[in-house]
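J.: Below is target.txt; it holds compact mmCIF, C-alpha atoms.
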```txt
# COMPACT_ATOMS: atom_id res chain seq x y z
CA MET A 1 -0.90 -12.26 -18.91
CA THR A 2 -0.47 -11.33 -15.26
CA ILE A 3 -2.42 -11.84 -12.07
CA PRO A 4 -2.45 -8.93 -9.58
CA VAL A 5 -1.78 -11.01 -6.48
CA ASP A 6 1.24 -12.60 -8.19
CA GLN A 7 2.67 -9.18 -9.11
CA ILE A 8 2.38 -7.95 -5.54
CA ILE A 9 3.94 -11.16 -4.22
CA PHE A 10 6.96 -10.54 -6.49
CA LEU A 11 7.39 -7.07 -4.97
CA LEU A 12 6.94 -8.28 -1.40
CA ALA A 13 9.44 -11.12 -1.94
CA SER A 14 12.08 -8.74 -3.29
CA ASP A 15 14.84 -7.01 -1.41
CA CYS A 16 14.87 -4.05 -3.81
CA PHE A 17 11.29 -2.82 -3.44
CA LYS A 18 9.76 -3.91 -0.15
CA GLU A 19 11.30 -1.23 2.08
CA THR A 20 9.99 1.60 -0.11
CA LEU A 21 6.57 -0.01 -0.49
CA LEU A 22 6.07 -0.52 3.24
CA PRO A 23 8.22 2.13 4.94
CA THR A 24 6.07 2.83 7.99
CA PHE A 25 5.03 -0.66 9.05
CA PRO A 26 6.83 -2.57 11.84
CA GLN A 27 10.02 -4.20 10.56
CA GLN A 28 9.12 -7.53 12.14
CA ASP A 29 5.82 -7.57 10.23
CA VAL A 30 7.55 -6.64 6.97
CA GLU A 31 10.01 -9.51 7.42
CA GLU A 32 7.11 -11.91 8.03
CA VAL A 33 5.45 -10.67 4.85
CA THR A 34 8.68 -11.23 2.90
CA ALA A 35 9.01 -14.80 4.18
CA ILE A 36 5.39 -15.56 3.30
CA ALA A 37 5.75 -14.09 -0.20
CA ARG A 38 8.91 -16.10 -0.87
CA ALA A 39 7.26 -19.35 0.23
CA LEU A 40 4.30 -18.62 -2.04
CA LEU A 41 6.60 -17.98 -5.02
CA ASP A 42 8.11 -21.43 -4.62
CA ASP A 43 4.63 -22.90 -4.30
CA MET A 44 3.38 -21.08 -7.43
CA LEU A 45 6.27 -22.31 -9.57
CA ASP A 46 5.93 -25.88 -8.24
CA GLY A 47 9.47 -26.82 -9.17
CA GLY A 48 9.55 -24.76 -12.38
CA SER A 49 11.76 -21.78 -13.15
CA ASN A 50 9.75 -19.63 -15.59
CA TYR A 51 6.72 -17.76 -14.25
CA TYR A 52 5.04 -17.29 -17.62
CA MET A 53 5.53 -20.91 -18.67
CA CYS A 54 5.08 -22.81 -15.41
CA VAL A 55 2.34 -20.98 -13.49
CA SER A 56 -1.36 -21.55 -14.05
CA PHE A 57 -3.27 -18.35 -14.85
CA ASN A 58 -6.75 -19.69 -14.22
CA GLU A 59 -9.13 -18.20 -11.66
CA ALA A 60 -8.97 -21.19 -9.33
CA ARG A 61 -5.19 -20.85 -8.95
CA ARG A 62 -5.49 -17.08 -8.41
CA GLU A 63 -8.04 -17.60 -5.65
CA ARG A 64 -5.90 -20.34 -4.09
CA THR A 65 -2.78 -18.15 -4.04
CA GLN A 66 -4.62 -15.11 -2.69
CA GLY A 67 -6.34 -17.21 -0.03
CA ALA A 68 -3.03 -18.75 1.01
CA LEU A 69 -1.42 -15.31 1.23
CA PHE A 70 -3.98 -13.86 3.60
CA GLN A 71 -4.32 -17.05 5.62
CA SER A 72 -0.56 -16.98 6.19
CA LEU A 73 -0.56 -13.29 7.05
CA GLN A 74 -3.24 -13.86 9.65
CA SER A 75 -1.80 -17.04 11.13
CA ARG A 76 1.65 -15.44 11.52
CA GLY A 77 0.24 -12.42 13.32
CA VAL A 78 0.96 -9.74 10.71
CA GLY A 79 -0.76 -6.49 11.73
CA THR A 80 -4.27 -5.93 10.44
CA ASN A 81 -3.39 -2.59 8.85
CA LEU A 82 -0.55 -4.17 6.89
CA GLN A 83 -2.83 -6.97 5.73
CA ARG A 84 -5.27 -4.32 4.52
CA ARG A 85 -2.46 -2.43 2.77
CA ILE A 86 -1.49 -5.56 0.84
CA ALA A 87 -5.14 -6.17 -0.09
CA LEU A 88 -5.39 -2.57 -1.28
CA MET A 89 -2.27 -2.89 -3.43
CA ILE A 90 -3.67 -6.03 -5.06
CA GLN A 91 -6.98 -4.28 -5.69
CA ALA A 92 -5.17 -1.32 -7.29
CA THR A 93 -3.11 -3.52 -9.64
CA PRO A 94 -2.62 -3.06 -12.56
CA ALA A 95 -4.23 0.36 -12.01
CA PRO A 96 -6.60 1.90 -9.44
CA ASN A 97 -10.13 2.46 -10.67
CA GLY A 98 -11.80 5.86 -10.84
CA ALA A 99 -13.39 5.57 -7.41
CA MET A 100 -9.98 4.84 -5.84
CA ILE A 101 -8.37 7.82 -7.55
CA ASN A 102 -11.24 10.05 -6.45
CA ALA A 103 -10.87 8.69 -2.92
CA CYS A 104 -7.16 9.61 -2.87
CA ASP A 105 -8.02 13.10 -4.05
CA ALA A 106 -10.74 13.47 -1.41
CA ILE A 107 -8.44 12.27 1.39
CA ALA A 108 -5.71 14.70 0.32
CA SER A 109 -8.23 17.55 0.07
CA ILE A 110 -9.76 16.92 3.50
CA ALA A 111 -6.37 16.39 5.12
CA GLY A 112 -5.14 19.62 3.52
CA ARG A 113 -8.07 21.65 4.84
CA LEU A 114 -7.57 20.07 8.25
CA PHE A 115 -3.80 20.67 8.20
CA TRP A 116 -4.28 24.35 7.34
CA LEU A 117 -7.20 24.68 9.79
CA GLU A 118 -9.66 25.93 7.17
CA PHE A 119 -12.54 25.84 9.62
CA ASP A 120 -15.10 27.29 7.20
CA ALA A 121 -14.48 24.46 4.73
CA LEU A 122 -14.93 21.66 7.28
CA HIS A 123 -18.17 20.09 8.44
CA ALA A 124 -17.16 17.76 11.29
CA PRO A 125 -16.26 19.24 14.70
CA LEU A 126 -12.61 19.65 15.72
CA THR A 127 -11.55 18.69 19.25
CA LEU A 128 -8.66 20.04 21.30
CA ASP A 129 -6.97 16.62 21.14
CA LEU A 130 -7.23 16.68 17.36
CA LEU A 131 -5.72 20.15 17.19
CA ASP A 132 -2.87 19.03 19.47
CA ALA A 133 -2.18 16.07 17.15
CA LEU A 134 -2.12 18.37 14.12
CA ALA A 135 0.44 20.59 15.83
CA VAL A 136 2.71 17.57 16.28
CA VAL A 137 2.60 16.57 12.58
CA GLU A 138 2.89 20.11 11.23
CA PRO A 139 6.63 19.72 10.43
CA LEU A 140 5.88 16.61 8.35
CA GLY A 141 3.71 18.42 5.81
CA LEU A 142 1.31 16.90 3.29
CA GLN A 143 3.63 14.88 1.08
CA ARG A 144 5.79 11.80 1.44
CA GLU A 145 9.17 12.50 -0.10
CA LEU A 146 10.35 9.55 -2.19
CA PRO A 147 14.01 8.59 -2.56
CA CYS A 148 15.54 9.81 -5.82
CA ILE A 149 16.44 6.43 -7.30
CA ASP A 150 16.58 5.02 -10.82
CA TRP A 151 14.46 2.00 -9.96
CA GLY A 152 15.07 0.28 -13.27
CA ALA A 153 18.82 0.35 -12.74
CA ALA A 154 18.47 -0.50 -9.04
CA TRP A 155 16.43 -3.58 -9.86
CA LEU A 156 18.51 -4.86 -12.77
CA ASN A 157 21.76 -4.32 -10.84
CA SER A 158 20.57 -5.69 -7.50
CA GLY A 159 22.91 -8.41 -6.32
CA SER A 160 20.36 -9.83 -3.89
CA THR A 161 19.91 -13.57 -4.25
CA TRP A 162 16.14 -13.21 -4.19
CA ASP A 163 16.07 -10.33 -6.65
CA SER A 164 18.22 -12.35 -9.06
CA TYR A 165 15.91 -15.33 -8.56
CA ILE A 166 12.81 -13.25 -9.37
CA ARG A 167 14.47 -11.75 -12.45
CA SER A 168 15.27 -15.27 -13.66
CA MET A 169 11.55 -16.15 -13.60
CA MET A 170 10.57 -13.32 -15.95
CA ASP A 171 11.14 -15.11 -19.30
CA GLY A 172 13.56 -12.41 -20.45
CA ILE A 173 11.35 -9.50 -19.33
CA ASP A 174 13.63 -8.84 -16.36
CA ASP A 175 12.28 -5.35 -15.67
CA ALA A 176 8.60 -6.38 -15.51
CA PRO A 177 8.42 -6.01 -11.69
CA VAL A 178 9.79 -2.45 -11.96
CA TYR A 179 6.71 -1.26 -13.85
CA VAL A 180 4.35 -2.84 -11.32
CA PHE A 181 6.33 -1.30 -8.46
CA GLN A 182 6.24 2.18 -10.01
CA ASP A 183 2.48 1.94 -10.60
CA VAL A 184 1.80 0.77 -7.04
CA LEU A 185 4.08 3.45 -5.58
CA ALA A 186 2.39 6.16 -7.65
CA PHE A 187 -0.88 5.09 -6.05
CA THR A 188 0.22 4.71 -2.42
CA VAL A 189 2.31 7.89 -2.33
CA ARG A 190 -0.91 9.86 -2.78
CA PHE A 191 -1.93 9.07 0.80
CA ASP A 192 1.25 7.83 2.47
CA PHE A 193 1.88 11.20 4.11
CA LEU A 194 -0.78 9.98 6.53
CA SER A 195 1.33 6.89 7.22
CA LEU A 196 4.16 9.22 8.23
CA TRP A 197 1.77 11.11 10.51
CA LYS A 198 0.72 7.83 12.10
CA ARG A 199 4.31 6.71 12.70
CA HIS A 200 5.04 10.05 14.34
CA LEU A 201 1.88 10.14 16.48
CA GLY A 202 1.27 6.49 17.25
CA GLU A 203 -1.95 4.63 16.54
CA GLU A 204 -4.00 6.08 19.38
CA ARG A 205 -3.41 9.75 18.53
CA PHE A 206 -3.51 9.18 14.78
CA ALA A 207 -6.89 7.48 15.14
CA GLN A 208 -8.39 10.91 15.82
CA ILE A 209 -7.18 12.20 12.45
CA ARG A 210 -8.29 9.05 10.64
CA SER A 211 -11.72 9.26 12.24
CA PHE A 212 -12.09 12.94 11.36
CA ILE A 213 -11.21 12.38 7.69
CA GLU A 214 -13.57 9.41 7.52
CA THR A 215 -16.43 11.37 9.11
CA GLU A 216 -15.84 14.40 6.90
CA ALA A 217 -15.73 12.23 3.79
CA ASN A 218 -18.94 10.45 4.73
CA LEU A 219 -20.71 13.76 5.30
CA MET A 220 -19.58 14.95 1.88
CA LEU A 221 -19.78 11.82 -0.27
CA ASN A 222 -21.98 9.05 1.13
CA ASP A 223 -25.05 10.12 -0.81
CA LEU A 224 -23.36 11.65 -3.85
CA CYS A 225 -20.51 9.17 -4.48
CA PRO A 226 -20.95 6.00 -2.39
CA ASP A 227 -18.24 4.12 -4.33
CA THR A 228 -15.69 6.83 -3.57
CA ALA A 229 -16.77 6.95 0.08
CA ALA A 230 -16.29 3.17 0.33
CA CYS A 231 -12.79 3.44 -1.17
CA ILE A 232 -11.90 6.16 1.34
CA ASP A 233 -12.79 3.75 4.14
CA LEU A 234 -10.60 1.04 2.55
CA ILE A 235 -7.61 3.37 2.17
CA LEU A 236 -7.83 4.81 5.68
CA ALA A 237 -8.08 1.30 7.12
CA ALA A 238 -4.83 0.41 5.33
CA ILE A 239 -2.78 3.18 6.98
```
Kindly return the structure encoded in the file as C-alpha cells.
T.:
Amino acid sequence: MTIPVDQIIFLLASDCFKETLLPTFPQQDVEEVTAIARALLDDMLDGGSNYYMCVSFNEARRERTQGALFQSLQSRGVGTNLQRRIALMIQATPAPNGAMINACDAIASIAGRLFWLEFDALHAPLTLDLLDALAVVEPLGLQRELPCIDWGAAWLNSGSTWDSYIRSMMDGIDDAPVYVFQDVLAFTVRFDFLSLWKRHLGEERFAQIRSFIETEANLMLNDLCPDTAACIDLILAAI
C-alpha cells in the first residue's frame, strides 16, 4: 500500500531525483522543498525505521501529511508555481487520469501549432509580442531532452546519506522510489519543454505563451471536454 503524497515526499527528499524532477525552478526554492520533505519523513516515521511497518496508511494521516507539506511550503515562501507543480505530481501519482493525459496532448498540440505558426489552425489572436517571444524560444524546440541515465543503478548506488536513509525505509524493496520517479517523469516531460521556454524567457514574457495556450484550449475544449480543459489550467499553472 502506498500514499501518493508520501511517494512524492520520498522523491523530493532524495538527492538522486530532485534535480531532474524540478530542473527549471529556483535552486533556493528546491532546497527549501528538500528540507521540508526531509522533516516530514522524520515526522511520518515517528522514530521508526520501516515505512511499510511504522507509518499509518489511514486517510486522516494522509490528510495531515499533505496539509503539513503545503503549509510548510507556503510559510517558507516557496514559489506558487512550484507548490502547484508538487500538487500536480501528487495528483498524477500513481498514474495520471485520462483527462490529464488528454490535457498534456492538447497542450503539446497547441504549442506545436503555435511554434510552427500554423495560423489557419489557431483560433486566438497572435500579438507581435507573442511572435517575438516565439522567435526567442525557437532554438529550444518542443521537447525536453532527458539525461541518459540508468536510474535504477543511479539510485541503488547513490552514496548520499539521505538516499541511503530512504532506501533503508523500504522494507527490502529498495528500488520502489525509482518506479514512482520514472512514472512522474514520464508525465511531466510531456509538458516540461514549456518550463524550458519559461526559464529562457522569464515569467513576464512566458506569460503571453501560457495565456495563449490557455485561451486556445478553452475555445476548443470548454464545452466539449470540461475535465480536460480544467486539467490544462492546472498544468499551465504549475509551469
J.: Kindly assemble as a tab-separated table a list of the range 10-109 of chain A residues that lie within 9 Å of range 185-192 of chain A, each paired with its nearest atom pair and their distance in Å to one decimal, using all atoms listed in the file, sorted first by chain and then by ascending residue number.
T.:
```
residue	atom	partner	partner_atom	distance
A:Thr20	CA	A:Leu185	CA	8.3
A:Leu21	CA	A:Leu185	CA	6.6
A:Thr24	CA	A:Asp192	CA	8.9
A:Met89	CA	A:Thr188	CA	8.1
A:Ala92	CA	A:Phe187	CA	7.8
A:Ala95	CA	A:Phe187	CA	8.3
A:Pro96	CA	A:Phe187	CA	7.4
A:Ile101	CA	A:Phe187	CA	8.1
A:Cys104	CA	A:Arg190	CA	6.3
A:Asp105	CA	A:Arg190	CA	7.9
A:Ile107	CA	A:Phe191	CA	7.3
A:Ala108	CA	A:Phe191	CA	6.8
```
J.: Give me, please, the distance in Å between CA of Leu40 in chain A and CA of Met53 in chain A, quoted to one decimal.
T.: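 That distance, rounded to one decimal, is 16.8 Å.
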J.: Select from range 17-54 of chain A every residue with an atom at most 9 Å from any atom of range 149-171 of chain A, then for each give the shortest pair of atoms and their distance in Å to one decimal, using all atoms listed in the file, rows by chain and rising number, as a tab-separated table.
T.:
```
residue	atom	partner	partner_atom	distance
A:Phe17	CA	A:Trp155	CA	8.3
A:Arg38	CA	A:Trp162	CA	8.5
A:Leu41	CA	A:Ile166	CA	8.9
A:Gly48	CA	A:Met169	CA	8.9
A:Ser49	CA	A:Met169	CA	5.7
A:Asn50	CA	A:Met169	CA	4.4
A:Tyr51	CA	A:Met169	CA	5.1
A:Tyr52	CA	A:Asp171	CA	6.7
A:Met53	CA	A:Asp171	CA	8.1
```
J.: Could you please determine the separation between CA of Asp42 in chain A and CA of Asp183 in chain A in Å, to one decimal place?
T.: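 Separating CA of Asp42 in chain A from CA of Asp183 in chain A is a distance of 24.8 Å.
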J.: What does the structure give for the distance between CA of Arg144 in chain A and CA of Ala103 in chain A, in Å to one decimal?
T.: 17.5 Å
J.: Find the residue from A:Leu114, A:Leu12, A:Ala217, A:Ile3 that sits nearest to Gln66 in chain A; use all atoms listed in the file when measuring.
T.: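 Once distances to Gln66 in chain A are computed over all atoms listed in the file, the minimum belongs to A:Ile3.
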J.: Taking only C-alpha atoms into account, which of A:Leu122, A:Ile209, A:Val5, A:Leu224 comes nearest Glu59 in chain A?
T.: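 Looking only at the distances to Glu59 in chain A, the closest residue turns out to be A:Val5.
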J.: Quick one: of A:Asp129, A:Leu196, A:Tyr179, A:Ala35, who's nearest to Ser14 in chain A, counting only C-alpha atoms?
T.: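 Selected residue with least distance to Ser14 in chain A: A:Ala35.
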J.: Given the choices A:Leu11, A:Ala237, A:Cys231, A:Leu194, which gets closest to Glu138 in chain A if the distance is worked out from all atoms listed in the file?
T.: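 Among the listed residues, A:Leu194 lies closest to Glu138 in chain A.
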J.: Using all atoms listed in the file, can you tell me which of A:Ser195, A:Asp120, A:Leu126, A:Gly67 comes closest to Gly141 in chain A?
T.: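 Going through A:Ser195, A:Asp120, A:Leu126, A:Gly67 one by one, the smallest distance to Gly141 in chain A is for A:Ser195.
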J.: I'd like to know which of A:Leu140, A:Val30, A:Ala60, A:Ala238 is closest to Asp15 in chain A, using all atoms listed in the file.
T.: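 Distance minimum relative to Asp15 in chain A lands on A:Val30.
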J.: Return as AutoDock Vina command-line options the box centre and box size in Å, one decimal, for an axis-aligned box around all listed atoms of range 172-175 of chain A padded by 3 Å per side.
T.:
```
--center_x 12.5 --center_y -8.9 --center_z -18.1 --size_x 8.3 --size_y 13.1 --size_z 10.8
```
J.: Env of Val180 in chain A: 9 Å cut, atoms = all atoms listed in the file, seq-sep filter 6 positions within chain, self excluded. Answer as a ChimeraX atom specification.
T.: /A:7-8,11,93-94
J.: What's the 12 Å shell around Ala207 in chain A, counting all atoms listed in the file, without same-chain residues fewer than 5 positions away, as a PyMOL selection string?
T.: chain A and resi 129-130+133-134+194-195+197-199+201-202+212-215+236-237+239
J.: Since the input has fewer atoms than a full residue there, write range 103-114 of chain A out with all heavy atoms, as an mmCIF file, in the frame of the given file.
T.:
```cif
data_model
loop_
_atom_site.group_PDB
_atom_site.id
_atom_site.type_symbol
_atom_site.label_atom_id
_atom_site.label_comp_id
_atom_site.auth_asym_id
_atom_site.auth_seq_id
_atom_site.Cartn_x
_atom_site.Cartn_y
_atom_site.Cartn_z
ATOM 1 N N ALA A 103 -11.023 8.810 -4.366
ATOM 2 C CA ALA A 103 -10.870 8.690 -2.920
ATOM 3 C C ALA A 103 -9.546 9.286 -2.458
ATOM 4 O O ALA A 103 -9.487 9.980 -1.437
ATOM 5 C CB ALA A 103 -10.965 7.215 -2.509
ATOM 6 N N CYS A 104 -8.464 9.018 -3.210
ATOM 7 C CA CYS A 104 -7.160 9.610 -2.870
ATOM 8 C C CYS A 104 -7.232 11.127 -2.908
ATOM 9 O O CYS A 104 -6.694 11.813 -2.020
ATOM 10 C CB CYS A 104 -6.090 9.118 -3.840
ATOM 11 S SG CYS A 104 -5.660 7.374 -3.681
ATOM 12 N N ASP A 105 -7.888 11.651 -3.934
ATOM 13 C CA ASP A 105 -8.020 13.100 -4.050
ATOM 14 C C ASP A 105 -8.820 13.676 -2.888
ATOM 15 O O ASP A 105 -8.472 14.737 -2.334
ATOM 16 C CB ASP A 105 -8.694 13.462 -5.374
ATOM 17 C CG ASP A 105 -7.809 13.188 -6.585
ATOM 18 O OD1 ASP A 105 -6.584 13.057 -6.401
ATOM 19 O OD2 ASP A 105 -8.355 13.108 -7.701
ATOM 20 N N ALA A 106 -9.901 12.987 -2.508
ATOM 21 C CA ALA A 106 -10.740 13.470 -1.410
ATOM 22 C C ALA A 106 -9.983 13.437 -0.082
ATOM 23 O O ALA A 106 -10.069 14.381 0.717
ATOM 24 C CB ALA A 106 -12.014 12.621 -1.312
ATOM 25 N N ILE A 107 -9.230 12.368 0.154
ATOM 26 C CA ILE A 107 -8.440 12.270 1.390
ATOM 27 C C ILE A 107 -7.419 13.400 1.451
ATOM 28 O O ILE A 107 -7.272 14.062 2.494
ATOM 29 C CB ILE A 107 -7.744 10.891 1.467
ATOM 30 C CG1 ILE A 107 -8.775 9.791 1.761
ATOM 31 C CG2 ILE A 107 -6.645 10.894 2.538
ATOM 32 C CD1 ILE A 107 -8.224 8.391 1.630
ATOM 33 N N ALA A 108 -6.712 13.627 0.347
ATOM 34 C CA ALA A 108 -5.710 14.700 0.320
ATOM 35 C C ALA A 108 -6.364 16.064 0.526
ATOM 36 O O ALA A 108 -5.817 16.927 1.238
ATOM 37 C CB ALA A 108 -4.950 14.665 -0.998
ATOM 38 N N SER A 109 -7.538 16.263 -0.065
ATOM 39 C CA SER A 109 -8.230 17.550 0.070
ATOM 40 C C SER A 109 -8.680 17.782 1.509
ATOM 41 O O SER A 109 -8.465 18.868 2.071
ATOM 42 C CB SER A 109 -9.437 17.572 -0.872
ATOM 43 O OG SER A 109 -10.173 18.757 -0.713
ATOM 44 N N ILE A 110 -9.285 16.770 2.118
ATOM 45 C CA ILE A 110 -9.760 16.920 3.500
ATOM 46 C C ILE A 110 -8.582 17.093 4.448
ATOM 47 O O ILE A 110 -8.599 17.956 5.335
ATOM 48 C CB ILE A 110 -10.616 15.704 3.905
ATOM 49 C CG1 ILE A 110 -11.906 15.671 3.086
ATOM 50 C CG2 ILE A 110 -10.938 15.742 5.400
ATOM 51 C CD1 ILE A 110 -12.676 14.364 3.199
ATOM 52 N N ALA A 111 -7.549 16.272 4.251
ATOM 53 C CA ALA A 111 -6.370 16.390 5.120
ATOM 54 C C ALA A 111 -5.720 17.757 4.972
ATOM 55 O O ALA A 111 -5.243 18.342 5.959
ATOM 56 C CB ALA A 111 -5.361 15.286 4.792
ATOM 57 N N GLY A 112 -5.715 18.296 3.746
ATOM 58 C CA GLY A 112 -5.140 19.620 3.520
ATOM 59 C C GLY A 112 -5.925 20.710 4.239
ATOM 60 O O GLY A 112 -5.348 21.603 4.870
ATOM 61 N N ARG A 113 -7.253 20.643 4.151
ATOM 62 C CA ARG A 113 -8.070 21.650 4.840
ATOM 63 C C ARG A 113 -7.921 21.527 6.353
ATOM 64 O O ARG A 113 -7.900 22.540 7.069
ATOM 65 C CB ARG A 113 -9.549 21.491 4.431
ATOM 66 C CG ARG A 113 -9.786 21.780 2.960
ATOM 67 C CD ARG A 113 -11.253 22.049 2.658
ATOM 68 N NE ARG A 113 -12.105 20.905 2.912
ATOM 69 C CZ ARG A 113 -12.382 19.962 2.005
ATOM 70 N NH1 ARG A 113 -11.834 20.024 0.798
ATOM 71 N NH2 ARG A 113 -13.196 18.975 2.289
ATOM 72 N N LEU A 114 -7.776 20.284 6.811
ATOM 73 C CA LEU A 114 -7.570 20.070 8.250
ATOM 74 C C LEU A 114 -6.196 20.588 8.672
ATOM 75 O O LEU A 114 -6.064 21.284 9.697
ATOM 76 C CB LEU A 114 -7.697 18.572 8.552
ATOM 77 C CG LEU A 114 -7.552 18.131 10.004
ATOM 78 C CD1 LEU A 114 -8.631 18.749 10.887
ATOM 79 C CD2 LEU A 114 -7.607 16.598 10.093
#
```
